file upload37.cif (mmCIF, C-alpha atoms, pLDDT in the B column; chains and numbers go by the auth columns)
data_entry
loop_
_atom_site.group_PDB
_atom_site.id
_atom_site.type_symbol
_atom_site.label_atom_id
_atom_site.label_comp_id
_atom_site.label_asym_id
_atom_site.label_seq_id
_atom_site.Cartn_x
_atom_site.Cartn_y
_atom_site.Cartn_z
_atom_site.B_iso_or_equiv
_atom_site.auth_seq_id
_atom_site.auth_asym_id
ATOM 1 C CA MET A 1 11.684 20.923 23.354 40.00 1 J
ATOM 2 C CA GLN A 2 13.742 19.623 20.432 45.00 2 J
ATOM 3 C CA GLU A 3 11.706 18.148 17.593 50.00 3 J
ATOM 4 C CA ILE A 4 12.481 14.487 16.926 45.00 4 J
ATOM 5 C CA PRO A 5 12.980 13.723 13.215 48.00 5 J
ATOM 6 C CA PHE A 6 10.371 11.587 11.481 51.00 6 J
ATOM 7 C CA ASN A 7 12.691 8.626 10.892 50.00 7 J
ATOM 8 C CA LYS A 8 13.396 8.410 14.642 51.00 8 J
ATOM 9 C CA LEU A 9 9.693 8.563 15.549 53.00 9 J
ATOM 10 C CA PHE A 10 8.301 6.167 12.986 60.00 10 J
ATOM 11 C CA ASN A 11 10.857 3.641 11.877 65.00 11 J
ATOM 12 C CA ILE A 12 9.663 0.204 10.890 64.00 12 J
ATOM 13 C CA HIS A 13 10.506 -1.243 14.309 65.00 13 J
ATOM 14 C CA ALA A 14 8.314 1.307 16.057 67.00 14 J
ATOM 15 C CA CYS A 15 5.436 0.501 13.700 77.00 15 J
ATOM 16 C CA LYS A 16 5.803 -3.283 13.757 71.00 16 J
ATOM 17 C CA GLY A 17 3.675 -3.819 16.868 71.00 17 J
ATOM 18 C CA LEU A 18 0.850 -1.721 15.468 74.00 18 J
ATOM 19 C CA ILE A 19 0.933 -3.569 12.151 74.00 19 J
ATOM 20 C CA GLU A 20 0.945 -6.976 13.844 73.00 20 J
ATOM 21 C CA SER A 21 -2.049 -6.038 15.995 69.00 21 J
ATOM 22 C CA LYS A 22 -3.974 -4.852 12.921 70.00 22 J
ATOM 23 C CA ARG A 23 -3.054 -8.060 11.058 67.00 23 J
ATOM 24 C CA SER A 24 -4.168 -10.286 13.926 66.00 24 J
ATOM 25 C CA MET A 25 -7.580 -8.577 14.048 69.00 25 J
ATOM 26 C CA LYS A 26 -8.145 -9.641 10.423 74.00 26 J
ATOM 27 C CA GLN A 27 -6.735 -13.172 10.374 78.00 27 J
ATOM 28 C CA ASP A 28 -9.639 -14.468 8.303 86.00 28 J
ATOM 29 C CA THR A 29 -9.137 -11.810 5.630 92.00 29 J
ATOM 30 C CA ALA A 30 -6.693 -12.084 2.709 95.00 30 J
ATOM 31 C CA LYS A 31 -4.677 -8.852 2.674 96.00 31 J
ATOM 32 C CA VAL A 32 -3.569 -8.167 -0.916 98.00 32 J
ATOM 33 C CA ALA A 33 -1.393 -5.153 -1.662 98.00 33 J
ATOM 34 C CA ILE A 34 -2.093 -3.525 -4.992 98.00 34 J
ATOM 35 C CA ILE A 35 0.679 -1.089 -5.765 96.00 35 J
ATOM 36 C CA GLY A 36 2.364 0.256 -8.841 93.00 36 J
ATOM 37 C CA SER A 37 3.450 3.037 -11.078 90.00 37 J
ATOM 38 C CA ARG A 38 1.798 6.429 -10.795 89.00 38 J
ATOM 39 C CA SER A 39 1.615 6.464 -14.590 89.00 39 J
ATOM 40 C CA TYR A 40 -0.283 3.146 -14.771 91.00 40 J
ATOM 41 C CA GLU A 41 -3.593 3.797 -16.536 88.00 41 J
ATOM 42 C CA HIS A 42 -4.972 0.356 -17.480 91.00 42 J
ATOM 43 C CA LYS A 43 -7.684 0.611 -14.872 94.00 43 J
ATOM 44 C CA GLU A 44 -9.687 -2.292 -16.297 94.00 44 J
ATOM 45 C CA LYS A 45 -6.855 -4.698 -15.374 95.00 45 J
ATOM 46 C CA ILE A 46 -6.968 -3.508 -11.767 96.00 46 J
ATOM 47 C CA ARG A 47 -10.758 -3.768 -11.646 97.00 47 J
ATOM 48 C CA GLU A 48 -10.655 -7.314 -13.081 97.00 48 J
ATOM 49 C CA MET A 49 -7.965 -8.317 -10.573 97.00 49 J
ATOM 50 C CA ILE A 50 -9.961 -7.051 -7.593 97.00 50 J
ATOM 51 C CA TRP A 51 -13.116 -8.770 -8.917 97.00 51 J
ATOM 52 C CA MET A 52 -11.206 -12.041 -9.327 97.00 52 J
ATOM 53 C CA LEU A 53 -9.666 -11.753 -5.829 97.00 53 J
ATOM 54 C CA LYS A 54 -13.091 -11.136 -4.310 96.00 54 J
ATOM 55 C CA ASN A 55 -14.571 -14.165 -6.069 95.00 55 J
ATOM 56 C CA LYS A 56 -11.626 -16.495 -5.384 95.00 56 J
ATOM 57 C CA LEU A 57 -10.650 -15.486 -1.859 93.00 57 J
ATOM 58 C CA GLY A 58 -13.972 -14.383 -0.407 88.00 58 J
ATOM 59 C CA LYS A 59 -13.020 -12.057 2.397 93.00 59 J
ATOM 60 C CA VAL A 60 -10.309 -9.806 0.978 96.00 60 J
ATOM 61 C CA GLU A 61 -8.820 -6.463 1.910 97.00 61 J
ATOM 62 C CA ILE A 62 -6.973 -4.372 -0.658 98.00 62 J
ATOM 63 C CA VAL A 63 -3.896 -2.639 0.756 97.00 63 J
ATOM 64 C CA SER A 64 -2.453 0.338 -1.075 97.00 64 J
ATOM 65 C CA GLY A 65 -0.267 3.415 -0.720 96.00 65 J
ATOM 66 C CA GLY A 66 -2.848 6.133 -1.201 93.00 66 J
ATOM 67 C CA ALA A 67 -1.384 7.888 -4.250 93.00 67 J
ATOM 68 C CA THR A 68 -3.982 9.982 -6.048 93.00 68 J
ATOM 69 C CA HIS A 69 -3.119 8.662 -9.502 92.00 69 J
ATOM 70 C CA GLY A 70 -2.007 5.472 -11.197 93.00 70 J
ATOM 71 C CA ALA A 71 -2.334 2.011 -9.685 95.00 71 J
ATOM 72 C CA ASP A 72 -3.054 3.208 -6.137 96.00 72 J
ATOM 73 C CA LYS A 73 -5.904 5.435 -7.337 96.00 73 J
ATOM 74 C CA TYR A 74 -7.611 2.565 -9.165 97.00 74 J
ATOM 75 C CA ALA A 75 -7.010 0.075 -6.364 97.00 75 J
ATOM 76 C CA LYS A 76 -8.912 2.364 -4.003 97.00 76 J
ATOM 77 C CA LYS A 77 -11.641 3.212 -6.501 97.00 77 J
ATOM 78 C CA TYR A 78 -12.466 -0.373 -7.417 98.00 78 J
ATOM 79 C CA ALA A 79 -12.058 -1.869 -3.955 97.00 79 J
ATOM 80 C CA ILE A 80 -14.668 0.575 -2.682 97.00 80 J
ATOM 81 C CA GLU A 81 -16.958 0.190 -5.719 97.00 81 J
ATOM 82 C CA LEU A 82 -16.825 -3.615 -5.547 97.00 82 J
ATOM 83 C CA GLY A 83 -17.470 -3.720 -1.799 96.00 83 J
ATOM 84 C CA VAL A 84 -14.047 -5.076 -0.901 96.00 84 J
ATOM 85 C CA GLY A 85 -12.242 -4.018 2.269 95.00 85 J
ATOM 86 C CA TYR A 86 -9.673 -1.270 1.736 97.00 86 J
ATOM 87 C CA VAL A 87 -6.855 0.156 3.839 97.00 87 J
ATOM 88 C CA GLU A 88 -4.071 2.508 2.833 96.00 88 J
ATOM 89 C CA PHE A 89 -0.666 3.315 4.177 96.00 89 J
ATOM 90 C CA ASN A 90 -0.498 6.863 2.914 95.00 90 J
ATOM 91 C CA PRO A 91 2.812 8.669 3.555 94.00 91 J
ATOM 92 C CA ALA A 92 3.427 10.665 6.718 92.00 92 J
ATOM 93 C CA HIS A 93 3.446 14.030 4.914 94.00 93 J
ATOM 94 C CA THR A 94 -0.216 13.541 3.953 96.00 94 J
ATOM 95 C CA VAL A 95 -3.202 13.848 6.260 96.00 95 J
ATOM 96 C CA LYS A 96 -5.041 10.964 7.889 95.00 96 J
ATOM 97 C CA ASN A 97 -8.178 9.956 6.030 96.00 97 J
ATOM 98 C CA LEU A 98 -11.005 7.483 6.475 95.00 98 J
ATOM 99 C CA TYR A 99 -8.893 4.593 5.111 96.00 99 J
ATOM 100 C CA SER A 100 -5.515 5.419 6.713 95.00 100 J
ATOM 101 C CA ALA A 101 -3.909 2.543 8.599 92.00 101 J
ATOM 102 C CA MET A 102 -1.662 4.564 10.879 91.00 102 J
ATOM 103 C CA PRO A 103 -2.631 6.651 13.944 89.00 103 J
ATOM 104 C CA GLU A 104 -3.326 10.389 13.725 90.00 104 J
ATOM 105 C CA ASP A 105 0.093 11.430 15.060 89.00 105 J
ATOM 106 C CA TYR A 106 1.822 9.611 12.193 89.00 106 J
ATOM 107 C CA TYR A 107 0.502 12.147 9.673 93.00 107 J
ATOM 108 C CA SER A 108 0.959 15.840 8.796 93.00 108 J
ATOM 109 C CA LYS A 109 4.754 15.686 9.005 92.00 109 J
ATOM 110 C CA GLU A 110 7.086 17.793 6.897 92.00 110 J
ATOM 111 C CA TYR A 111 7.762 16.074 3.579 93.00 111 J
ATOM 112 C CA HIS A 112 10.820 13.865 3.218 90.00 112 J
ATOM 113 C CA VAL A 113 11.392 11.338 0.438 90.00 113 J
ATOM 114 C CA SER A 114 12.110 8.611 3.021 89.00 114 J
ATOM 115 C CA GLN A 115 8.410 8.635 3.960 91.00 115 J
ATOM 116 C CA LEU A 116 7.561 7.069 0.607 92.00 116 J
ATOM 117 C CA PHE A 117 10.003 4.213 1.158 92.00 117 J
ATOM 118 C CA HIS A 118 8.812 3.804 4.748 92.00 118 J
ATOM 119 C CA ARG A 119 5.236 3.523 3.438 94.00 119 J
ATOM 120 C CA ASN A 120 6.320 0.754 1.041 95.00 120 J
ATOM 121 C CA GLU A 121 7.857 -1.207 3.889 93.00 121 J
ATOM 122 C CA LEU A 122 4.709 -0.841 5.999 94.00 122 J
ATOM 123 C CA ILE A 123 2.598 -2.137 3.110 96.00 123 J
ATOM 124 C CA ALA A 124 4.886 -5.152 2.647 96.00 124 J
ATOM 125 C CA ALA A 125 4.912 -5.928 6.368 93.00 125 J
ATOM 126 C CA TYR A 126 1.105 -5.776 6.547 93.00 126 J
ATOM 127 C CA CYS A 127 -0.011 -7.593 3.398 96.00 127 J
ATOM 128 C CA ASP A 128 -0.144 -11.335 2.724 95.00 128 J
ATOM 129 C CA ARG A 129 0.794 -10.942 -0.961 97.00 129 J
ATOM 130 C CA MET A 130 1.517 -8.128 -3.386 98.00 130 J
ATOM 131 C CA ILE A 131 0.450 -7.344 -6.934 97.00 131 J
ATOM 132 C CA ALA A 132 2.487 -4.659 -8.713 96.00 132 J
ATOM 133 C CA PHE A 133 0.991 -2.963 -11.762 95.00 133 J
ATOM 134 C CA ARG A 134 3.939 -1.578 -13.620 89.00 134 J
ATOM 135 C CA SER A 135 4.232 0.858 -16.520 85.00 135 J
ATOM 136 C CA THR A 136 7.138 0.644 -18.902 78.00 136 J
ATOM 137 C CA GLY A 137 10.169 2.607 -17.801 70.00 137 J
ATOM 138 C CA LYS A 138 11.744 3.092 -14.399 73.00 138 J
ATOM 139 C CA SER A 139 9.611 3.122 -11.276 80.00 139 J
ATOM 140 C CA SER A 140 11.823 3.346 -8.211 88.00 140 J
ATOM 141 C CA GLY A 141 8.846 3.275 -5.837 90.00 141 J
ATOM 142 C CA THR A 142 7.427 0.106 -7.355 92.00 142 J
ATOM 143 C CA ASP A 143 10.876 -1.482 -7.412 93.00 143 J
ATOM 144 C CA HIS A 144 11.339 -0.633 -3.740 95.00 144 J
ATOM 145 C CA ALA A 145 7.936 -2.057 -2.773 96.00 145 J
ATOM 146 C CA ILE A 146 8.836 -5.325 -4.533 96.00 146 J
ATOM 147 C CA LYS A 147 12.159 -5.442 -2.644 97.00 147 J
ATOM 148 C CA MET A 148 10.224 -4.991 0.587 96.00 148 J
ATOM 149 C CA ALA A 149 7.899 -7.872 -0.367 97.00 149 J
ATOM 150 C CA GLU A 150 11.011 -10.001 -0.848 97.00 150 J
ATOM 151 C CA LYS A 151 12.422 -8.834 2.498 95.00 151 J
ATOM 152 C CA TYR A 152 9.218 -9.936 4.288 95.00 152 J
ATOM 153 C CA ASN A 153 8.934 -13.155 2.254 97.00 153 J
ATOM 154 C CA LYS A 154 5.626 -12.114 0.736 97.00 154 J
ATOM 155 C CA PRO A 155 4.726 -13.593 -2.638 97.00 155 J
ATOM 156 C CA TYR A 156 4.279 -11.039 -5.412 97.00 156 J
ATOM 157 C CA ILE A 157 3.507 -10.776 -9.091 96.00 157 J
ATOM 158 C CA ILE A 158 4.251 -7.989 -11.537 94.00 158 J
ATOM 159 C CA ILE A 159 1.715 -7.088 -14.207 92.00 159 J
ATOM 160 C CA GLY A 160 2.948 -4.951 -17.094 86.00 160 J
ATOM 161 C CA ASP A 161 0.970 -2.317 -18.939 69.00 161 J
ATOM 162 C CA LYS A 162 0.719 -4.136 -22.268 60.00 162 J
ATOM 163 C CA VAL A 163 -2.965 -4.552 -23.075 48.00 163 J
#
call {"tool": "encode", "arguments": {"input": "upload37.cif", "output": "structure tokens"}}
result
Amino acid sequence: MQEIPFNKLFNIHACKGLIESKRSMKQDTAKVAIIGSRSYEHKEKIREMIWMLKNKLGKVEIVSGGATHGADKYAKKYAIELGVGYVEFNPAHTVKNLYSAMPEDYYSKEYHVSQLFHRNELIAAYCDRMIAFRSTGKSSGTDHAIKMAEKYNKPYIIIGDKV
């Protein structure tokens, strides 16, 4: 049997039905993507943002990309610590974890850079709004996630790393 490449198995169109069903199950929950640079280290800003979202919106779910450092790391850490819902769209080359949004067969694929961009599109399709925590300098992943928010007509804000 010939192996089907990742981008043929899991393009955004194939995932759209799954994302819509997950969204509809949580209609009463504000789904806020917190994404950003892997070098972002102003964790107190992320904690304050999640605290404010929880107090203003009530039922909130933080959506992130599952990176183990930077903005994604702190989004996960503080969402869990503050008792806020959390879901992550970690890339297909990683393994499924307790917070992964996609089914088991989505994960453990051979690495390809397109998986990171695919993940950004899934986040944008799923969330209601996006907050990007951005370090100075170029961040192609953050820039792409913002473009995906624009594509899906999701409001977004960008927060810089100046303290």
call {"tool": "resolve_selection", "arguments": {"input": "upload37.cif", "expression": "the PyMOL selection byres ((chain J and resi 78-93) around 6)", "output": "VMD selection string"}}
result
chain J and resid 47 61 to 66 74 to 77 94 99 to 101 106 to 111 115 to 116 119
call {"tool": "atom_distance", "arguments": {"input": "upload37.cif", "atom1": "CA of Lys59 (chain J)", "atom2": "CA of Ala30 (chain J)"}}
result
6.3 Å
call {"tool": "closest_residue", "arguments": {"input": "upload37.cif", "among": "J:His118, J:Lys56, J:Arg134, J:Arg38", "to": "Lys16 (chain J)", "atoms": "only C-alpha atoms"}}
result
J:His118
call {"tool": "closest_residue", "arguments": {"input": "upload37.cif", "among": "J:Tyr40, J:Trp51, J:Phe117, J:Tyr126", "to": "Gly160 (chain J)", "atoms": "only C-alpha atoms"}}
result
J:Tyr40
call {"tool": "resolve_selection", "arguments": {"input": "upload37.cif", "expression": "the PyMOL selection byres ((chain J and resi 157) around 9)", "output": "PDB file with C-alpha atoms, keeping the file's coordinate frame"}}
result
ATOM      1  CA  ARG J 129       0.794 -10.942  -0.961  1.00 97.00           C
ATOM      2  CA  MET J 130       1.517  -8.128  -3.386  1.00 98.00           C
ATOM      3  CA  ILE J 131       0.450  -7.344  -6.934  1.00 97.00           C
ATOM      4  CA  ALA J 132       2.487  -4.659  -8.713  1.00 96.00           C
ATOM      5  CA  PHE J 133       0.991  -2.963 -11.762  1.00 95.00           C
ATOM      6  CA  ILE J 146       8.836  -5.325  -4.533  1.00 96.00           C
ATOM      7  CA  PRO J 155       4.726 -13.593  -2.638  1.00 97.00           C
ATOM      8  CA  TYR J 156       4.279 -11.039  -5.412  1.00 97.00           C
ATOM      9  CA  ILE J 158       4.251  -7.989 -11.537  1.00 94.00           C
ATOM     10  CA  ILE J 159       1.715  -7.088 -14.207  1.00 92.00           C
TER      11      ILE J 159
END
call {"tool": "closest_residue", "arguments": {"input": "upload37.cif", "among": "J:Lys147, J:Lys45, J:His69, J:Lys26", "to": "Ile123 (chain J)", "atoms": "only C-alpha atoms"}}
result
J:Lys147
call {"tool": "axis_aligned_box", "arguments": {"input": "upload37.cif", "around": "region 81-86 of chain J", "padding_each_side": "6 Å", "output": "lines of an AutoDock Vina configuration file"}}
result
center_x = -13.6
center_y = -2.4
center_z = -1.7
size_x = 19.8
size_y = 17.3
size_z = 20.0
call {"tool": "atom_distance", "arguments": {"input": "upload37.cif", "atom1": "CA of Asp143 (chain J)", "atom2": "CA of Ile50 (chain J)"}}
result
21.6 Å
call {"tool": "atom_distance", "arguments": {"input": "upload37.cif", "atom1": "CA of Ala124 (chain J)", "atom2": "CA of Ala149 (chain J)"}}
result
5.1 Å
call {"tool": "build_atoms", "arguments": {"input": "upload37.cif", "residues": "region 90-101 of chain J", "atoms": "all heavy atoms", "output": "CSV table (one decimal), in the frame of the given file"}}
result
chain,number,residue,atom,x,y,z
J,90,ASN,N,-0.9,5.6,3.6
J,90,ASN,CA,-0.5,6.9,2.9
J,90,ASN,C,0.7,7.5,3.7
J,90,ASN,O,0.8,7.3,4.9
J,90,ASN,CB,-1.7,7.9,2.8
J,90,ASN,CG,-2.5,8.1,4.0
J,90,ASN,OD1,-2.8,7.1,4.7
J,90,ASN,ND2,-2.8,9.3,4.3
J,91,PRO,N,1.6,8.2,2.9
J,91,PRO,CA,2.8,8.7,3.6
J,91,PRO,C,2.6,9.7,4.7
J,91,PRO,O,1.5,10.3,4.7
J,91,PRO,CB,3.5,9.3,2.4
J,91,PRO,CG,2.8,8.9,1.2
J,91,PRO,CD,1.5,8.5,1.5
J,92,ALA,N,3.5,9.8,5.5
J,92,ALA,CA,3.4,10.7,6.7
J,92,ALA,C,3.3,12.1,6.4
J,92,ALA,O,2.8,12.9,7.3
J,92,ALA,CB,4.6,10.5,7.6
J,93,HIS,N,3.6,12.6,5.2
J,93,HIS,CA,3.4,14.0,4.9
J,93,HIS,C,2.0,14.4,4.5
J,93,HIS,O,1.7,15.5,4.3
J,93,HIS,CB,4.4,14.5,3.8
J,93,HIS,CG,4.2,13.9,2.5
J,93,HIS,ND1,4.8,12.7,2.2
J,93,HIS,CD2,3.5,14.3,1.4
J,93,HIS,CE1,4.4,12.4,0.9
J,93,HIS,NE2,3.7,13.4,0.5
J,94,THR,N,1.2,13.3,4.3
J,94,THR,CA,-0.2,13.5,4.0
J,94,THR,C,-1.0,13.6,5.2
J,94,THR,O,-0.5,13.5,6.3
J,94,THR,CB,-0.7,12.4,3.0
J,94,THR,OG1,-0.7,11.2,3.7
J,94,THR,CG2,0.1,12.3,1.8
J,95,VAL,N,-2.3,13.8,5.1
J,95,VAL,CA,-3.2,13.8,6.3
J,95,VAL,C,-3.9,12.5,6.4
J,95,VAL,O,-4.1,11.8,5.4
J,95,VAL,CB,-4.2,15.0,6.2
J,95,VAL,CG1,-3.5,16.3,6.2
J,95,VAL,CG2,-5.1,14.9,5.0
J,96,LYS,N,-4.3,12.2,7.6
J,96,LYS,CA,-5.0,11.0,7.9
J,96,LYS,C,-6.4,11.1,7.2
J,96,LYS,O,-7.0,12.1,7.2
J,96,LYS,CB,-5.2,10.8,9.4
J,96,LYS,CG,-5.9,9.5,9.8
J,96,LYS,CD,-5.9,9.2,11.3
J,96,LYS,CE,-6.6,8.0,11.7
J,96,LYS,NZ,-6.0,6.8,11.2
J,97,ASN,N,-6.9,10.0,6.6
J,97,ASN,CA,-8.2,10.0,6.0
J,97,ASN,C,-8.9,8.7,6.5
J,97,ASN,O,-8.4,8.0,7.4
J,97,ASN,CB,-8.1,10.0,4.5
J,97,ASN,CG,-7.4,8.7,3.9
J,97,ASN,OD1,-7.8,7.6,4.2
J,97,ASN,ND2,-6.5,8.9,3.0
J,98,LEU,N,-10.1,8.6,6.0
J,98,LEU,CA,-11.0,7.5,6.5
J,98,LEU,C,-10.4,6.1,6.4
J,98,LEU,O,-10.7,5.2,7.1
J,98,LEU,CB,-12.3,7.5,5.6
J,98,LEU,CG,-13.4,6.5,5.9
J,98,LEU,CD1,-13.9,6.7,7.3
J,98,LEU,CD2,-14.5,6.6,4.9
J,99,TYR,N,-9.5,5.9,5.4
J,99,TYR,CA,-8.9,4.6,5.1
J,99,TYR,C,-7.5,4.4,5.6
J,99,TYR,O,-6.9,3.4,5.5
J,99,TYR,CB,-8.9,4.3,3.6
J,99,TYR,CG,-10.3,4.4,3.0
J,99,TYR,CD1,-10.7,5.6,2.3
J,99,TYR,CD2,-11.2,3.4,3.2
J,99,TYR,CE1,-12.0,5.7,1.8
J,99,TYR,CE2,-12.5,3.6,2.8
J,99,TYR,CZ,-12.9,4.7,2.0
J,99,TYR,OH,-14.2,4.8,1.6
J,100,SER,N,-6.9,5.5,6.2
J,100,SER,CA,-5.5,5.4,6.7
J,100,SER,C,-5.3,4.4,7.8
J,100,SER,O,-6.1,4.2,8.7
J,100,SER,CB,-5.1,6.8,7.3
J,100,SER,OG,-5.1,7.8,6.3
J,101,ALA,N,-4.2,3.6,7.7
J,101,ALA,CA,-3.9,2.5,8.6
J,101,ALA,C,-3.2,3.0,9.9
J,101,ALA,O,-3.3,2.4,10.9
J,101,ALA,CB,-3.1,1.5,7.9
